[in-house]
Amino acid sequence: MQSNANFRGAIFMCLAMAGFTCNDALVKSVTGVMNAGQIMLVRGFFTSLFVLLLARHFGAMRSVRLVLTPVIALRIVAEVFASITYITALGQIPLANASAILQALPLAVTLGAALFLSEPVGWRRWLAILAGFIGVLVVLRPGPEGFTGAALSVIASVVCAAVRDLCTRRIDPAVPSLFISVITAVVITLVGAALVMPLGGWQPMSLISVGHLAAASLLLFVGYQCIVLAMRNGEIAIVAPFRYTSLMWSIGIGVLFFAEEPDLWMVTGVVIIIASGLYAFARENKRRAAALAQQSDPGSPK
């Protein structure tokens, strides 16, 4: 039974990564005809609509005053900046490069949890974190020419996303996830509207561009739902590594639709990031197993 649950979890994780990566590709396809603010506004409108309908269906709506809760407010702010920086970068660097750098997110969350939430991290996982960030530097290219504004924007997006995930851990479990998603989507939409003029003004949109952003919002929504299903069905140590399937999607889409060609630096960096991430997952699973074994042993010291 557990093997079947793990299989379902792995499938859902792969579907989530496919959804997220295809969303990124659709967003990238319109970055040449509209600015980040307009993209956030249009995609955010569709996302807000999808999530609001679902939240109302499941009775997940709560008082808007919950947004004033510091941890929820910080999570929303982090999500907004993660969206701004990542969308800005997508229009300037290859999709595979942006996706590769984003794979450092689990390591960044582990680092943040150790520094700010006092979660135990052994020296082996510290080395894995260091190796993962070295992999990011390799993707960026050794030397000043690799540290472009777009590349730094992706790094900033990783930092903001890590803050978002750490805040999520501290939110009261009684607050429905769908409610948080609704508020976040609406705020991103409003921030996008505010940024349209400062970033160059509103640009006319074709039906194709609108369709791309509507599809992107739907894929983003599906991706988040599949992540939840993946974590609820399978063991995290088995399911989580399948997040790296997003790299196969990003490289394939980049080659087929954006004429991108991965080079040796990018491939080397990806290998380092994946290896360090898998090792960190394995060490975390071993630590949790040891902790559970100690709790279940009635003779263990308290």
# chains A, B, ... in the order shown; residues from 1 in each chain; ligands from 1
$ closest_atom_pairs --of "segment 20-80 of chain A" --to "segment 233-256 of chain A" --cutoff "9 Å" --atoms "only C-alpha atoms" --output "JSON lines"
{"residue": "A:Phe20", "atom": "CA", "partner": "A:Ser246", "partner_atom": "CA", "distance": 7.8}
{"residue": "A:Thr21", "atom": "CA", "partner": "A:Ser250", "partner_atom": "CA", "distance": 6.1}
{"residue": "A:Cys22", "atom": "CA", "partner": "A:Trp249", "partner_atom": "CA", "distance": 7.8}
{"residue": "A:Asp24", "atom": "CA", "partner": "A:Ser250", "partner_atom": "CA", "distance": 8.7}
{"residue": "A:Ala25", "atom": "CA", "partner": "A:Ile253", "partner_atom": "CA", "distance": 7.4}
$ write_last_selection --atoms "all heavy atoms" --output "PDB file, in the first residue's frame"
ATOM      1  N   PHE A  20       4.437  23.780 -13.439  1.00  0.00           N
ATOM      2  CA  PHE A  20       5.211  24.979 -13.124  1.00  0.00           C
ATOM      3  C   PHE A  20       6.109  25.389 -14.287  1.00  0.00           C
ATOM      4  O   PHE A  20       6.219  26.571 -14.619  1.00  0.00           O
ATOM      5  CB  PHE A  20       6.075  24.741 -11.879  1.00  0.00           C
ATOM      6  CG  PHE A  20       5.289  24.682 -10.603  1.00  0.00           C
ATOM      7  CD1 PHE A  20       5.656  23.801  -9.585  1.00  0.00           C
ATOM      8  CD2 PHE A  20       4.188  25.484 -10.392  1.00  0.00           C
ATOM      9  CE1 PHE A  20       4.942  23.742  -8.409  1.00  0.00           C
ATOM     10  CE2 PHE A  20       3.455  25.432  -9.222  1.00  0.00           C
ATOM     11  CZ  PHE A  20       3.837  24.553  -8.218  1.00  0.00           C
ATOM     12  N   THR A  21       6.767  24.399 -14.907  1.00  0.00           N
ATOM     13  CA  THR A  21       7.701  24.723 -15.986  1.00  0.00           C
ATOM     14  C   THR A  21       6.969  25.217 -17.233  1.00  0.00           C
ATOM     15  O   THR A  21       7.422  26.169 -17.883  1.00  0.00           O
ATOM     16  CB  THR A  21       8.555  23.495 -16.336  1.00  0.00           C
ATOM     17  OG1 THR A  21       9.142  22.965 -15.150  1.00  0.00           O
ATOM     18  CG2 THR A  21       9.667  23.877 -17.296  1.00  0.00           C
ATOM     19  N   CYS A  22       5.852  24.595 -17.570  1.00  0.00           N
ATOM     20  CA  CYS A  22       5.068  25.066 -18.711  1.00  0.00           C
ATOM     21  C   CYS A  22       4.503  26.462 -18.441  1.00  0.00           C
ATOM     22  O   CYS A  22       4.414  27.296 -19.356  1.00  0.00           O
ATOM     23  CB  CYS A  22       3.944  24.085 -19.027  1.00  0.00           C
ATOM     24  SG  CYS A  22       4.520  22.502 -19.689  1.00  0.00           S
ATOM     25  N   ASP A  24       6.067  28.727 -16.648  1.00  0.00           N
ATOM     26  CA  ASP A  24       7.217  29.611 -16.875  1.00  0.00           C
ATOM     27  C   ASP A  24       7.435  29.858 -18.364  1.00  0.00           C
ATOM     28  O   ASP A  24       7.733  30.989 -18.784  1.00  0.00           O
ATOM     29  CB  ASP A  24       8.485  28.998 -16.274  1.00  0.00           C
ATOM     30  CG  ASP A  24       8.469  28.974 -14.753  1.00  0.00           C
ATOM     31  OD1 ASP A  24       7.631  29.675 -14.158  1.00  0.00           O
ATOM     32  OD2 ASP A  24       9.304  28.264 -14.160  1.00  0.00           O
ATOM     33  N   ALA A  25       7.302  28.793 -19.159  1.00  0.00           N
ATOM     34  CA  ALA A  25       7.516  28.929 -20.602  1.00  0.00           C
ATOM     35  C   ALA A  25       6.474  29.852 -21.235  1.00  0.00           C
ATOM     36  O   ALA A  25       6.806  30.689 -22.092  1.00  0.00           O
ATOM     37  CB  ALA A  25       7.475  27.551 -21.267  1.00  0.00           C
TER      38      ALA A  25
END
$ closest_atom_pairs --of "segment 26-77 of chain A" --to "segment 146-165 of chain A" --cutoff "10 Å" --atoms "only C-alpha atoms" --output "CSV"
residue,atom,partner,partner_atom,distance
A:Val71,CA,A:Arg164,CA,9.3
A:Ile72,CA,A:Arg164,CA,9.1
A:Leu74,CA,A:Arg164,CA,7.5
A:Arg75,CA,A:Arg164,CA,4.6
A:Ile76,CA,A:Arg164,CA,7.3
A:Val77,CA,A:Arg164,CA,8.2
$ write_last_selection --atoms "C-alpha atoms" --output "short mmCIF file (atom, residue, chain, number, x, y, z; two decimals), in the first residue's frame"
data_model
loop_
_atom_site.label_atom_id
_atom_site.label_comp_id
_atom_site.auth_asym_id
_atom_site.auth_seq_id
_atom_site.Cartn_x
_atom_site.Cartn_y
_atom_site.Cartn_z
CA VAL A 71 3.72 35.97 9.38
CA ILE A 72 0.96 35.95 6.73
CA LEU A 74 5.47 38.67 5.35
CA ARG A 75 4.64 35.56 3.33
CA ILE A 76 2.56 37.61 0.89
CA VAL A 77 5.27 40.27 0.53
#
$ residues_around --residues "Ala104 of chain A" --least-positions-apart "2" --cutoff "12 Å" --atoms "only C-alpha atoms" --output "PyMOL selection string"
chain A and resi 97-102+106-111+128-137+139+154-159+161-162+243-244+269-278+280
$ write_last_selection --atoms "C-alpha atoms" --output "PDB file, in the first residue's frame"
ATOM      1  CA  ASN A  97      19.238  28.466 -16.592  1.00  0.00           C
ATOM      2  CA  ALA A  98      16.481  30.132 -14.584  1.00  0.00           C
ATOM      3  CA  SER A  99      15.011  26.732 -13.679  1.00  0.00           C
ATOM      4  CA  ALA A 100      18.429  25.375 -12.678  1.00  0.00           C
ATOM      5  CA  ILE A 101      19.077  28.257 -10.291  1.00  0.00           C
ATOM      6  CA  LEU A 102      15.583  27.859  -8.855  1.00  0.00           C
ATOM      7  CA  PRO A 106      15.149  23.498  -1.028  1.00  0.00           C
ATOM      8  CA  LEU A 107      18.735  24.137   0.063  1.00  0.00           C
ATOM      9  CA  ALA A 108      17.936  27.805   0.719  1.00  0.00           C
ATOM     10  CA  VAL A 109      14.932  26.758   2.824  1.00  0.00           C
ATOM     11  CA  THR A 110      17.128  24.350   4.798  1.00  0.00           C
ATOM     12  CA  LEU A 111      19.643  27.141   5.376  1.00  0.00           C
ATOM     13  CA  ALA A 128      25.456  19.899   0.765  1.00  0.00           C
ATOM     14  CA  ILE A 129      24.085  23.447   1.035  1.00  0.00           C
ATOM     15  CA  LEU A 130      27.512  24.890   0.207  1.00  0.00           C
ATOM     16  CA  ALA A 131      27.882  22.525  -2.752  1.00  0.00           C
ATOM     17  CA  GLY A 132      24.440  23.489  -4.040  1.00  0.00           C
ATOM     18  CA  PHE A 133      25.262  27.177  -3.997  1.00  0.00           C
ATOM     19  CA  ILE A 134      28.560  26.441  -5.758  1.00  0.00           C
ATOM     20  CA  GLY A 135      26.450  24.721  -8.412  1.00  0.00           C
ATOM     21  CA  VAL A 136      24.416  27.921  -8.769  1.00  0.00           C
ATOM     22  CA  LEU A 137      27.643  29.885  -9.286  1.00  0.00           C
ATOM     23  CA  VAL A 139      25.364  27.920 -13.783  1.00  0.00           C
ATOM     24  CA  VAL A 154      16.623  34.720 -10.144  1.00  0.00           C
ATOM     25  CA  ILE A 155      18.820  34.494  -7.037  1.00  0.00           C
ATOM     26  CA  ALA A 156      16.690  37.182  -5.406  1.00  0.00           C
ATOM     27  CA  SER A 157      13.605  35.165  -6.355  1.00  0.00           C
ATOM     28  CA  VAL A 158      15.080  32.087  -4.640  1.00  0.00           C
ATOM     29  CA  VAL A 159      15.706  34.106  -1.466  1.00  0.00           C
ATOM     30  CA  ALA A 161      10.646  32.076  -2.174  1.00  0.00           C
ATOM     31  CA  ALA A 162      12.645  30.637   0.736  1.00  0.00           C
ATOM     32  CA  ARG A 243      11.008  17.991  -8.256  1.00  0.00           C
ATOM     33  CA  TYR A 244      14.166  17.870 -10.354  1.00  0.00           C
ATOM     34  CA  GLY A 269      26.043  23.283 -12.412  1.00  0.00           C
ATOM     35  CA  VAL A 270      22.791  21.333 -12.719  1.00  0.00           C
ATOM     36  CA  VAL A 271      24.551  18.077 -11.814  1.00  0.00           C
ATOM     37  CA  ILE A 272      26.096  19.708  -8.721  1.00  0.00           C
ATOM     38  CA  ILE A 273      22.778  21.237  -7.603  1.00  0.00           C
ATOM     39  CA  ILE A 274      20.834  17.995  -8.068  1.00  0.00           C
ATOM     40  CA  ALA A 275      23.492  15.867  -6.345  1.00  0.00           C
ATOM     41  CA  SER A 276      23.679  18.204  -3.343  1.00  0.00           C
ATOM     42  CA  GLY A 277      19.882  18.413  -3.140  1.00  0.00           C
ATOM     43  CA  LEU A 278      19.434  14.644  -3.254  1.00  0.00           C
ATOM     44  CA  ALA A 280      20.388  16.815   1.632  1.00  0.00           C
TER      45      ALA A 280
END
$ closest_residue --among "A:Gly211, A:Gly9, A:Pro94, A:Gly37" --to "Ala259 of chain A" --atoms "only C-alpha atoms"
A:Pro94
$ closest_residue --among "A:Phe46, A:Trp123, A:Phe7, A:Phe179" --to "Met61 of chain A" --atoms "only C-alpha atoms"
A:Phe179
$ closest_residue --among "A:Leu178, A:Leu26, A:Ala10, A:Leu213" --to "Phe58 of chain A" --atoms "only C-alpha atoms"
A:Leu178
$ residues_around --residues "Met13 of chain A" --least-positions-apart "2" --cutoff "6 Å" --atoms "only C-alpha atoms" --output "JSON list (two decimals) with N, CA and C atoms, in the first residue's frame"
[["chain", "number", "residue", "atom", "x", "y", "z"],
["A", 10, "ALA", "N", 4.86, 10.41, -6.41],
["A", 10, "ALA", "CA", 5.88, 10.73, -7.42],
["A", 10, "ALA", "C", 5.22, 11.25, -8.70],
["A", 11, "ILE", "N", 4.11, 10.62, -9.09],
["A", 11, "ILE", "CA", 3.40, 11.07, -10.30],
["A", 11, "ILE", "C", 2.88, 12.50, -10.11],
["A", 15, "LEU", "N", 3.86, 15.83, -12.23],
["A", 15, "LEU", "CA", 2.84, 16.67, -12.85],
["A", 15, "LEU", "C", 2.96, 18.12, -12.38],
["A", 16, "ALA", "N", 3.25, 18.30, -11.10],
["A", 16, "ALA", "CA", 3.42, 19.64, -10.55],
["A", 16, "ALA", "C", 4.58, 20.35, -11.23],
["A", 227, "ILE", "N", 1.30, 19.59, -5.96],
["A", 227, "ILE", "CA", 2.32, 19.58, -4.90],
["A", 227, "ILE", "C", 1.68, 19.09, -3.60],
["A", 230, "ALA", "N", 0.96, 15.43, -3.84],
["A", 230, "ALA", "CA", 2.21, 14.66, -3.79],
["A", 230, "ALA", "C", 2.67, 14.47, -2.35]]
$ select_by_dssp --residues "segment 76-127 of chain A" --states "helix (DSSP H, G or I)" --output "PyMOL selection string"
chain A and resi 76-90+95-102+105-116+123-127
$ write_last_selection --atoms "N, CA, C and O atoms" --output "compact mmCIF listing (two decimals), in the first residue's frame"
# COMPACT_ATOMS: atom_id res chain seq x y z
N ILE A 76 3.12 36.99 2.09
CA ILE A 76 2.56 37.61 0.89
C ILE A 76 3.58 38.53 0.23
O ILE A 76 3.77 38.52 -0.98
N VAL A 77 4.25 39.34 1.06
CA VAL A 77 5.27 40.27 0.53
C VAL A 77 6.38 39.48 -0.17
O VAL A 77 6.84 39.84 -1.26
N ALA A 78 6.82 38.39 0.46
CA ALA A 78 7.88 37.57 -0.13
C ALA A 78 7.43 36.97 -1.45
O ALA A 78 8.19 36.92 -2.43
N GLU A 79 6.18 36.50 -1.51
CA GLU A 79 5.64 35.92 -2.74
C GLU A 79 5.58 36.97 -3.85
O GLU A 79 5.90 36.68 -5.03
N VAL A 80 5.18 38.18 -3.51
CA VAL A 80 5.11 39.26 -4.50
C VAL A 80 6.48 39.54 -5.09
O VAL A 80 6.65 39.61 -6.32
N PHE A 81 7.49 39.68 -4.24
CA PHE A 81 8.84 39.98 -4.75
C PHE A 81 9.42 38.79 -5.51
O PHE A 81 10.18 38.98 -6.47
N ALA A 82 9.09 37.57 -5.08
CA ALA A 82 9.54 36.39 -5.82
C ALA A 82 8.97 36.40 -7.24
O ALA A 82 9.67 36.07 -8.21
N SER A 83 7.71 36.79 -7.38
CA SER A 83 7.07 36.86 -8.71
C SER A 83 7.70 37.94 -9.57
O SER A 83 8.01 37.71 -10.75
N ILE A 84 7.90 39.12 -8.99
CA ILE A 84 8.47 40.23 -9.75
C ILE A 84 9.85 39.88 -10.28
O ILE A 84 10.15 40.05 -11.47
N THR A 85 10.70 39.38 -9.40
CA THR A 85 12.08 39.11 -9.80
C THR A 85 12.17 37.96 -10.80
O THR A 85 12.96 38.01 -11.75
N TYR A 86 11.36 36.92 -10.62
CA TYR A 86 11.46 35.77 -11.51
C TYR A 86 10.90 36.09 -12.89
O TYR A 86 11.50 35.72 -13.91
N ILE A 87 9.76 36.78 -12.94
CA ILE A 87 9.19 37.15 -14.25
C ILE A 87 10.14 38.08 -15.00
O ILE A 87 10.33 37.95 -16.21
N THR A 88 10.75 39.02 -14.28
CA THR A 88 11.71 39.92 -14.90
C THR A 88 12.88 39.15 -15.51
O THR A 88 13.32 39.42 -16.63
N ALA A 89 13.37 38.14 -14.77
CA ALA A 89 14.52 37.37 -15.24
C ALA A 89 14.17 36.48 -16.44
O ALA A 89 14.99 36.28 -17.33
N LEU A 90 12.95 35.94 -16.46
CA LEU A 90 12.57 35.00 -17.53
C LEU A 90 12.70 35.60 -18.92
O LEU A 90 12.99 34.89 -19.88
N LEU A 95 15.45 29.69 -20.28
CA LEU A 95 14.52 29.06 -19.34
C LEU A 95 15.22 28.01 -18.49
O LEU A 95 14.99 27.93 -17.28
N ALA A 96 16.10 27.21 -19.11
CA ALA A 96 16.79 26.15 -18.37
C ALA A 96 17.70 26.73 -17.30
O ALA A 96 17.81 26.16 -16.21
N ASN A 97 18.36 27.85 -17.59
CA ASN A 97 19.24 28.47 -16.59
C ASN A 97 18.44 28.97 -15.39
O ASN A 97 18.83 28.77 -14.24
N ALA A 98 17.32 29.63 -15.67
CA ALA A 98 16.48 30.13 -14.58
C ALA A 98 15.96 28.97 -13.74
O ALA A 98 15.96 29.03 -12.51
N SER A 99 15.52 27.90 -14.39
CA SER A 99 15.01 26.73 -13.68
C SER A 99 16.10 26.07 -12.85
O SER A 99 15.86 25.62 -11.73
N ALA A 100 17.32 26.01 -13.40
CA ALA A 100 18.43 25.38 -12.68
C ALA A 100 18.75 26.13 -11.40
O ALA A 100 18.94 25.53 -10.33
N ILE A 101 18.80 27.45 -11.48
CA ILE A 101 19.08 28.26 -10.29
C ILE A 101 17.96 28.09 -9.27
O ILE A 101 18.20 28.01 -8.05
N LEU A 102 16.73 27.99 -9.75
CA LEU A 102 15.58 27.86 -8.85
C LEU A 102 15.61 26.54 -8.09
O LEU A 102 15.00 26.42 -7.03
N LEU A 105 16.31 26.19 -4.30
CA LEU A 105 15.33 26.62 -3.30
C LEU A 105 15.27 25.69 -2.08
O LEU A 105 15.29 26.18 -0.94
N PRO A 106 15.19 24.35 -2.23
CA PRO A 106 15.15 23.50 -1.03
C PRO A 106 16.36 23.69 -0.13
O PRO A 106 16.25 23.65 1.10
N LEU A 107 17.53 23.90 -0.73
CA LEU A 107 18.74 24.14 0.06
C LEU A 107 18.65 25.48 0.78
O LEU A 107 19.08 25.61 1.93
N ALA A 108 18.10 26.49 0.09
CA ALA A 108 17.94 27.80 0.72
C ALA A 108 16.96 27.74 1.89
O ALA A 108 17.15 28.39 2.93
N VAL A 109 15.90 26.93 1.73
CA VAL A 109 14.93 26.76 2.82
C VAL A 109 15.59 26.06 4.01
O VAL A 109 15.38 26.44 5.18
N THR A 110 16.41 25.04 3.72
CA THR A 110 17.13 24.35 4.80
C THR A 110 18.05 25.31 5.53
O THR A 110 18.13 25.31 6.77
N LEU A 111 18.75 26.15 4.77
CA LEU A 111 19.64 27.14 5.38
C LEU A 111 18.86 28.11 6.25
O LEU A 111 19.25 28.40 7.39
N GLY A 112 17.74 28.61 5.73
CA GLY A 112 16.93 29.54 6.50
C GLY A 112 16.34 28.92 7.75
O GLY A 112 16.26 29.56 8.80
N ALA A 113 15.92 27.65 7.63
CA ALA A 113 15.36 26.96 8.79
C ALA A 113 16.41 26.80 9.89
O ALA A 113 16.10 26.90 11.08
N ALA A 114 17.67 26.56 9.48
CA ALA A 114 18.74 26.41 10.47
C ALA A 114 19.07 27.75 11.13
O ALA A 114 19.29 27.82 12.34
N LEU A 115 19.07 28.82 10.33
CA LEU A 115 19.48 30.12 10.86
C LEU A 115 18.38 30.82 11.66
O LEU A 115 18.67 31.48 12.65
N PHE A 116 17.13 30.67 11.20
CA PHE A 116 16.06 31.47 11.80
C PHE A 116 15.02 30.66 12.59
O PHE A 116 14.30 31.23 13.41
N TRP A 123 26.75 18.74 9.91
CA TRP A 123 27.81 19.27 9.05
C TRP A 123 27.71 18.73 7.63
O TRP A 123 28.08 19.42 6.67
N ARG A 124 27.16 17.53 7.46
CA ARG A 124 27.04 16.97 6.12
C ARG A 124 26.04 17.78 5.29
O ARG A 124 26.27 18.05 4.11
N ARG A 125 24.93 18.15 5.92
CA ARG A 125 23.95 18.95 5.17
C ARG A 125 24.46 20.37 4.95
O ARG A 125 24.13 21.00 3.95
N TRP A 126 25.28 20.89 5.87
CA TRP A 126 25.91 22.19 5.62
C TRP A 126 26.79 22.11 4.38
O TRP A 126 26.80 23.03 3.54
N LEU A 127 27.53 21.01 4.23
CA LEU A 127 28.37 20.84 3.04
C LEU A 127 27.51 20.71 1.78
O LEU A 127 27.88 21.22 0.71
$ atom_distance --atom1 "atom CA of Val186 of chain A" --atom2 "atom CA of Leu68 of chain A"
14.9 Å
$ closest_residue --among "A:Lys28, A:Leu199, A:Val228, A:Val175" --to "Phe257 of chain A" --atoms "only C-alpha atoms"
A:Lys28
$ atom_distance --atom1 "atom CA of His57 of chain A" --atom2 "atom CA of Phe221 of chain A"
15.4 Å
$ atom_distance --atom1 "atom CA of Trp265 of chain A" --atom2 "atom CA of Ile93 of chain A"
14.4 Å
$ closest_residue --among "A:Val30, A:Pro70, A:Gln38, A:Cys14" --to "Pro198 of chain A" --atoms "only C-alpha atoms"
A:Gln38
